Number of protein chains: 2
Amino acid sequence: MAPDDPQGPGMYDPGLAYTTVAQTNLSHLDPGGELLVGGYPIEELAVNATYEESVFLLLNGRLPTEDELATFTRRLADRREIPETVRDLLAAAASEGLAPMTALRMGLAAADLGEDSDAPRETAERVVAVVPTLVATYWRFREDKDPLAPDPELGHVANYLWLLTGERPRTATVDALETVCVTLVEHGLDASSFAARTTVSTESDLVSAATAAVGALGGDRHAGRFTEAHEILTAALSGEAVDSELRDRASDGAVPGFGHPIYRARDPRAAVLSAALDRYDEQQGAAVSEAVERLEAVASEIIGGDDPGADESGAGDSGDGRTQQPDASVEFPATALLEAVGIAPALFAPTFAVARVGGWVAHALEGLREETLVRPSAQYVGEPKAAWTPVENRHTAGDRIIARPPQSPSLEPVSETLDVLSEPNRLEILLALYDSSAPVAYSALHEATSIADKGRFNYHLRTLRGSFVVQSEAGYALTEAGERLVDAVVANERLLGEEIS
Amino acid sequence: MAPDDPQGPGMYDPGLAYTTVAQTNLSHLDPGGELLVGGYPIEELAVNATYEESVFLLLNGRLPTEDELATFTRRLADRREIPETVRDLLAAAASEGLAPMTALRMGLAAADLGEDSDAPRETAERVVAVVPTLVATYWRFREDKDPLAPDPELGHVANYLWLLTGERPRTATVDALETVCVTLVEHGLDASSFAARTTVSTESDLVSAATAAVGALGGDRHAGRFTEAHEILTAALSGEAVDSELRDRASDGAVPGFGHPIYRARDPRAAVLSAALDRYDEQQGAAVSEAVERLEAVASEIIGGDDPGADESGAGDSGDGRTQQPDASVEFPATALLEAVGIAPALFAPTFAVARVGGWVAHALEGLREETLVRPSAQYVGEPKAAWTPVENRHTAGDRIIARPPQSPSLEPVSETLDVLSEPNRLEILLALYDSSAPVAYSALHEATSIADKGRFNYHLRTLRGSFVVQSEAGYALTEAGERLVDAVVANERLLGEEIS
């Protein structure tokens, strides 16, 4: 009997897909296929704004003037340095081979070091400014190269490339990466941004919020999708049959890299980045876009249901009854562009963080202005209420802990019988037989108990034989008395539990 | 006109007070005033279990046998050491005077360093084991003392006290702190545990989850409540009038330190810790419990509504229409006990983390077994869709950015008039007058614009006078033509915005 729901009748919505948790000025995700960031369509923002401009827009609710943009760009550039202690930390992470997202989380959690202000607004700038330095410093250590000092004369995105490569990046390269970063800067309450908002709902700070967001982004179901899409695309580009690659990976109700749970139509960010990819293909004589289109054709078949494998894999059904869109999502063109500008695949996830951190801090600042503490409920489905058993009286029976029945004067008449059960090893043997519908062979019975020593096992089995256990050619089984006895113990256990609750 | 709701009709529940987000085996919070942890009433667990035993219970769903408990205790003890790099980090945090919770977040984020396993279960043990070391190491640096090495012969709680003080703690002290830690080990989905679960919903890792939880716990609305309760209690104990202290702090619909949003009756943890506090008072001849009782009497008056200040402060109404309980919540007896065992007030929040981390890792492991990505919606309430304005054409008007009207051949007949407006400073003056219902004095008008130079300001004002601005004794105002002109510009702005959307 499950206890009452903790907070009275409420909605059960584990993924929060049906719950609106905030009002926001930051972005509007229209299921029809439109994305506004700070009021501007992502198509316009992506090709026009610098990364700094997009972050200013999110933090201030409007675009900056020329002067304001120059000031803001300088303020970010002034906050890029990391202290020696954090550099040592990243070196240790690199030398132990920790994942790039782990290193980023470690470094970002220490972003208060060397920063003289703890005002939320300045901390937001610090957090945005320092992420590229953390990623690149770790990566240089990982590649056995000395880390480089940030160059305050370079813009945010150009400086990131500089820190990674030690070369002045070409304008076309910076533009392509800037487009990726602005396109990904903000996208509502994905798990990472929501982790940031949950963190500040207690009036916590911006570094904690962004660190929580990095942690959430690092999961396979979030930034890990970039890696998966990249592997599919790489396979397709290397001439492997795209359909088998996609079909192999279509499972859990979805073809990876296609559609987005929010949009009924094409993810508008995918359109923006596909256009950027076309431009890149044209410049380089490459054909990445074509490969993505071939993947889309296959995905369309799988999702459309014409495909014989579709039923089995469950592909096309996104789990909430909505059919998956067969349009390539943002992961394919984004990773293709990241690779094109020279970002190593291991850095796709951290580079996603370099882009999204602007949205995280904006959400955290917006959340700090609210007065609502986040405190959802969980439904208890665990063990029924039980009485405490002192540790010396516990023994295991299968997956459970069973208490030695208490010695009590009123039980003395049956104590001789109960004594058999109060021996943990014997009870184990009886329970193993009780759980089986057929007689159990000697070796199987021995294995079902935790008694390693054969002599001990034989001794206990012997004690039980006759009254409680009977041996036949098929193996060992409970006698009728044995059956009744275990019945009584199990019922008693249950009774004890219920009486107290 | 606000765009459509992103994910169709859903519930608006910013604090998630009406939403159940998970099924859990870990704890059951009955609004009637009962708390089960792993199936056991908190009253029994708190006085019987060691901290290790309570964590084993949460991680395994049952109590350990004697052997299992010994093994688990040893496994935790084996994972207490922190590497040199992390010690340096904590030293830096201490020398910069960073908050204890900030230091703990930094150190915990680096808990992968020096750990050879990344299996979730081992990471959970590592995280639980290392939190006391991180807190105590930071604190020793903060107090200008050398940090101490963990003692594997001591239990989890005893070792924490040893690391803080360098003295072998007395049994009574260990027992009191152990009771506090077990009482606080798990309490459903408060913001910190929910942050941990949100983090792993992307299939992220245990260190990320616990780091997110520490970040959320650090806020004033979470562990910060311990500090507030301690301040109230200290004031009451030092002889200050308890009623004025409480009345001063009663605001935002609640008297701090009383009631709990989940429980309609007394928080069962408060009862457990009050009993422990009574025992302490008896031993020490202290009267802390009495002071708490006096505070309860005052809170009861304030919340009961007999108090004249109640209406004003809104105290007693917890915001969801439920009346606040006048029973002292867990904060008063918990902080009183922490102080009694020698924990510095600055370490109340980190010690809360020392206790709760067992619940965090258990929630994270439970969450990892689920398949649900957390992805709530936000309702967009920001600026309506706007067209991009190149940076060189932007200027501010009050809080807004206004684009220079584009020069166009068809507009040439009116270009002379428009020219007046295309000058940002003049437009600023006109908009300042337009926003005011009464004439504006010269100095107020100057201040309302961004034109620092008085000569420039006079020049632009002169250009406008006559045709668009009129001067009277009361100050400056728009002429009818000026009014029409600004009307047209504002309408045009709106039109442009709407046409594009």
# chains A, B, ... in the order shown; residues from 1 in each chain; ligands from 1
$ residues_around --residues "segment 445-447 of chain A" --least-positions-apart "3" --cutoff "9 Å" --atoms "only C-alpha atoms" --output "ChimeraX atom specification"
/A:429,432-433,440-442,450-452,454,457-458,475-476
$ atom_distance --atom1 "atom CA of Leu347 of chain B" --atom2 "atom CA of Ser204 of chain A"
16.5 Å
$ residues_around --residues "Leu368 of chain B" --least-positions-apart "4" --cutoff "12 Å" --atoms "only C-alpha atoms" --output "short mmCIF file (atom, residue, chain, number, x, y, z; two decimals) with all heavy atoms, in the first residue's frame"
data_model
loop_
_atom_site.label_atom_id
_atom_site.label_comp_id
_atom_site.auth_asym_id
_atom_site.auth_seq_id
_atom_site.Cartn_x
_atom_site.Cartn_y
_atom_site.Cartn_z
N GLY A 219 26.17 15.37 -20.53
CA GLY A 219 25.58 14.04 -20.68
C GLY A 219 25.40 13.61 -22.13
O GLY A 219 25.32 14.44 -23.03
N ASP A 220 25.33 12.29 -22.31
CA ASP A 220 25.16 11.73 -23.66
C ASP A 220 23.89 12.21 -24.35
O ASP A 220 23.83 12.32 -25.57
CB ASP A 220 25.13 10.20 -23.61
CG ASP A 220 26.52 9.61 -23.48
OD1 ASP A 220 27.49 10.39 -23.63
OD2 ASP A 220 26.64 8.41 -23.24
N ARG A 221 22.86 12.51 -23.56
CA ARG A 221 21.60 12.92 -24.16
C ARG A 221 21.57 14.40 -24.49
O ARG A 221 20.56 14.91 -24.95
CB ARG A 221 20.43 12.63 -23.20
CG ARG A 221 20.08 11.17 -23.09
CD ARG A 221 18.60 11.00 -22.72
NE ARG A 221 18.38 9.65 -22.26
CZ ARG A 221 18.33 9.30 -20.97
NH1 ARG A 221 18.44 10.21 -20.03
NH2 ARG A 221 18.13 8.04 -20.63
N ALA B 22 9.19 12.51 -10.31
CA ALA B 22 9.92 11.25 -10.24
C ALA B 22 9.20 10.27 -9.34
O ALA B 22 8.37 10.66 -8.51
CB ALA B 22 11.33 11.48 -9.72
N ALA B 119 32.91 4.49 -12.62
CA ALA B 119 31.62 3.81 -12.50
C ALA B 119 30.75 4.62 -11.53
O ALA B 119 31.25 5.08 -10.50
CB ALA B 119 31.82 2.40 -11.97
N PRO B 120 29.46 4.80 -11.88
CA PRO B 120 28.61 5.67 -11.05
C PRO B 120 28.62 5.28 -9.57
O PRO B 120 28.67 6.13 -8.70
CB PRO B 120 27.22 5.49 -11.67
CG PRO B 120 27.48 5.12 -13.08
CD PRO B 120 28.75 4.32 -13.07
N ARG B 121 28.58 3.98 -9.29
CA ARG B 121 28.48 3.55 -7.92
C ARG B 121 29.74 3.92 -7.11
O ARG B 121 29.66 4.42 -5.99
CB ARG B 121 28.25 2.03 -7.90
CG ARG B 121 28.11 1.41 -6.57
CD ARG B 121 27.02 2.10 -5.77
NE ARG B 121 27.13 1.69 -4.39
CZ ARG B 121 26.38 0.75 -3.83
NH1 ARG B 121 25.41 0.21 -4.52
NH2 ARG B 121 26.57 0.41 -2.60
N ALA B 196 20.49 17.85 -8.85
CA ALA B 196 21.27 16.64 -9.13
C ALA B 196 20.55 15.74 -10.13
O ALA B 196 21.14 15.24 -11.09
CB ALA B 196 21.55 15.88 -7.83
N ARG B 197 19.25 15.56 -9.94
CA ARG B 197 18.48 14.70 -10.84
C ARG B 197 18.36 15.30 -12.23
O ARG B 197 18.41 14.58 -13.24
CB ARG B 197 17.09 14.44 -10.26
CG ARG B 197 17.06 13.30 -9.27
CD ARG B 197 15.64 12.92 -8.90
NE ARG B 197 15.21 11.74 -9.60
CZ ARG B 197 14.94 10.56 -9.00
NH1 ARG B 197 15.04 10.43 -7.70
NH2 ARG B 197 14.56 9.52 -9.71
N THR B 198 18.19 16.63 -12.30
CA THR B 198 18.12 17.28 -13.61
C THR B 198 19.44 17.08 -14.36
O THR B 198 19.46 16.83 -15.56
CB THR B 198 17.83 18.79 -13.43
OG1 THR B 198 16.57 18.93 -12.78
CG2 THR B 198 17.78 19.51 -14.77
N THR B 199 20.53 17.16 -13.62
CA THR B 199 21.85 17.00 -14.23
C THR B 199 22.01 15.61 -14.84
O THR B 199 22.47 15.47 -15.97
CB THR B 199 22.94 17.25 -13.17
OG1 THR B 199 22.77 18.58 -12.65
CG2 THR B 199 24.33 17.12 -13.76
N VAL B 200 21.64 14.57 -14.10
CA VAL B 200 21.83 13.22 -14.65
C VAL B 200 20.75 12.84 -15.65
O VAL B 200 20.87 11.79 -16.29
CB VAL B 200 21.91 12.13 -13.56
CG1 VAL B 200 23.12 12.33 -12.68
CG2 VAL B 200 20.63 12.06 -12.75
N SER B 201 19.72 13.67 -15.80
CA SER B 201 18.69 13.33 -16.79
C SER B 201 19.27 13.33 -18.20
O SER B 201 18.70 12.78 -19.12
CB SER B 201 17.50 14.29 -16.70
OG SER B 201 17.70 15.47 -17.44
N THR B 202 20.44 13.95 -18.38
CA THR B 202 21.12 13.91 -19.68
C THR B 202 22.12 12.76 -19.76
O THR B 202 22.90 12.70 -20.69
CB THR B 202 21.89 15.22 -19.94
OG1 THR B 202 22.99 15.28 -19.01
CG2 THR B 202 21.01 16.45 -19.76
N GLU B 203 22.09 11.88 -18.75
CA GLU B 203 23.09 10.81 -18.60
C GLU B 203 24.45 11.35 -18.23
O GLU B 203 25.48 10.79 -18.61
CB GLU B 203 23.19 9.94 -19.87
CG GLU B 203 22.00 9.02 -20.00
CD GLU B 203 22.05 8.18 -21.27
OE1 GLU B 203 23.05 8.20 -22.00
OE2 GLU B 203 21.04 7.50 -21.55
N SER B 204 24.46 12.43 -17.49
CA SER B 204 25.71 12.98 -17.01
C SER B 204 26.20 12.16 -15.81
O SER B 204 25.65 11.11 -15.51
CB SER B 204 25.52 14.45 -16.66
OG SER B 204 26.75 15.05 -16.33
N ASP B 205 27.21 12.64 -15.13
CA ASP B 205 27.89 11.82 -14.11
C ASP B 205 27.59 12.29 -12.68
O ASP B 205 27.03 13.35 -12.45
CB ASP B 205 29.39 11.88 -14.36
CG ASP B 205 29.91 13.30 -14.21
OD1 ASP B 205 29.64 14.13 -15.09
OD2 ASP B 205 30.54 13.60 -13.17
N LEU B 206 28.03 11.48 -11.72
CA LEU B 206 27.72 11.71 -10.32
C LEU B 206 28.42 12.94 -9.73
O LEU B 206 27.86 13.62 -8.88
CB LEU B 206 28.10 10.48 -9.49
CG LEU B 206 27.06 9.39 -9.29
CD1 LEU B 206 26.11 9.74 -8.16
CD2 LEU B 206 26.27 9.09 -10.55
N ALA B 209 26.50 15.91 -10.84
CA ALA B 209 25.23 15.98 -10.13
C ALA B 209 25.41 16.55 -8.72
O ALA B 209 24.68 17.46 -8.31
CB ALA B 209 24.59 14.59 -10.06
N VAL B 361 23.65 11.65 -4.00
CA VAL B 361 24.18 10.60 -4.88
C VAL B 361 23.14 9.49 -5.08
O VAL B 361 23.07 8.90 -6.16
CB VAL B 361 25.52 10.02 -4.37
CG1 VAL B 361 26.60 11.10 -4.39
CG2 VAL B 361 25.40 9.39 -3.00
N ALA B 362 22.32 9.23 -4.06
CA ALA B 362 21.27 8.22 -4.22
C ALA B 362 20.24 8.69 -5.25
O ALA B 362 19.81 7.91 -6.10
CB ALA B 362 20.60 7.95 -2.88
N HIS B 363 19.87 9.96 -5.20
CA HIS B 363 18.95 10.49 -6.22
C HIS B 363 19.58 10.43 -7.61
O HIS B 363 18.91 10.13 -8.59
CB HIS B 363 18.56 11.94 -5.89
CG HIS B 363 17.38 12.04 -4.98
ND1 HIS B 363 16.11 11.70 -5.38
CD2 HIS B 363 17.27 12.41 -3.69
CE1 HIS B 363 15.27 11.87 -4.37
NE2 HIS B 363 15.95 12.30 -3.32
N ALA B 364 20.86 10.75 -7.68
CA ALA B 364 21.53 10.74 -8.98
C ALA B 364 21.57 9.32 -9.55
O ALA B 364 21.29 9.11 -10.73
CB ALA B 364 22.94 11.32 -8.86
N THR B 372 14.31 9.50 -18.79
CA THR B 372 13.61 10.73 -19.12
C THR B 372 14.52 11.95 -19.05
O THR B 372 15.07 12.27 -18.00
CB THR B 372 12.44 10.95 -18.13
OG1 THR B 372 11.78 9.70 -17.94
CG2 THR B 372 11.49 11.99 -18.67
N LEU B 373 14.67 12.61 -20.17
CA LEU B 373 15.39 13.88 -20.23
C LEU B 373 14.47 14.99 -19.72
O LEU B 373 13.31 15.07 -20.14
CB LEU B 373 15.80 14.17 -21.67
CG LEU B 373 16.53 15.48 -21.94
CD1 LEU B 373 17.93 15.46 -21.33
CD2 LEU B 373 16.64 15.73 -23.44
#
$ residues_around --residues "segment 389-400 of chain A" --least-positions-apart "6" --cutoff "7 Å" --atoms "only C-alpha atoms" --output "list in words"
Pro424 and Glu428 of chain A; Arg62, Thr65 and Glu66 of chain B
$ write_last_selection --atoms "N, CA, C and O atoms" --output "PDB file, in the first residue's frame"
ATOM      1  N   PRO A 424      20.954 -18.022  10.429  1.00  0.00           N
ATOM      2  CA  PRO A 424      20.858 -17.394   9.104  1.00  0.00           C
ATOM      3  C   PRO A 424      21.105 -18.366   7.962  1.00  0.00           C
ATOM      4  O   PRO A 424      20.381 -18.346   6.955  1.00  0.00           O
ATOM      5  N   GLU A 428      18.504 -19.348   4.983  1.00  0.00           N
ATOM      6  CA  GLU A 428      18.879 -19.151   3.577  1.00  0.00           C
ATOM      7  C   GLU A 428      18.514 -20.385   2.753  1.00  0.00           C
ATOM      8  O   GLU A 428      17.967 -20.284   1.658  1.00  0.00           O
TER       9      GLU A 428
ATOM     10  N   ARG B  62      18.165  -1.318   1.211  1.00  0.00           N
ATOM     11  CA  ARG B  62      17.996  -2.118   2.426  1.00  0.00           C
ATOM     12  C   ARG B  62      19.187  -1.853   3.340  1.00  0.00           C
ATOM     13  O   ARG B  62      20.221  -1.344   2.914  1.00  0.00           O
ATOM     14  N   THR B  65      24.146  -5.884   6.346  1.00  0.00           N
ATOM     15  CA  THR B  65      24.500  -6.811   7.429  1.00  0.00           C
ATOM     16  C   THR B  65      25.760  -6.267   8.097  1.00  0.00           C
ATOM     17  O   THR B  65      26.369  -5.303   7.625  1.00  0.00           O
ATOM     18  N   GLU B  66      26.177  -6.913   9.161  1.00  0.00           N
ATOM     19  CA  GLU B  66      27.377  -6.453   9.870  1.00  0.00           C
ATOM     20  C   GLU B  66      28.594  -6.431   8.942  1.00  0.00           C
ATOM     21  O   GLU B  66      29.343  -5.464   8.909  1.00  0.00           O
TER      22      GLU B  66
END
$ atom_distance --atom1 "atom CA of Phe226 of chain A" --atom2 "atom CA of Phe352 of chain A"
8.8 Å
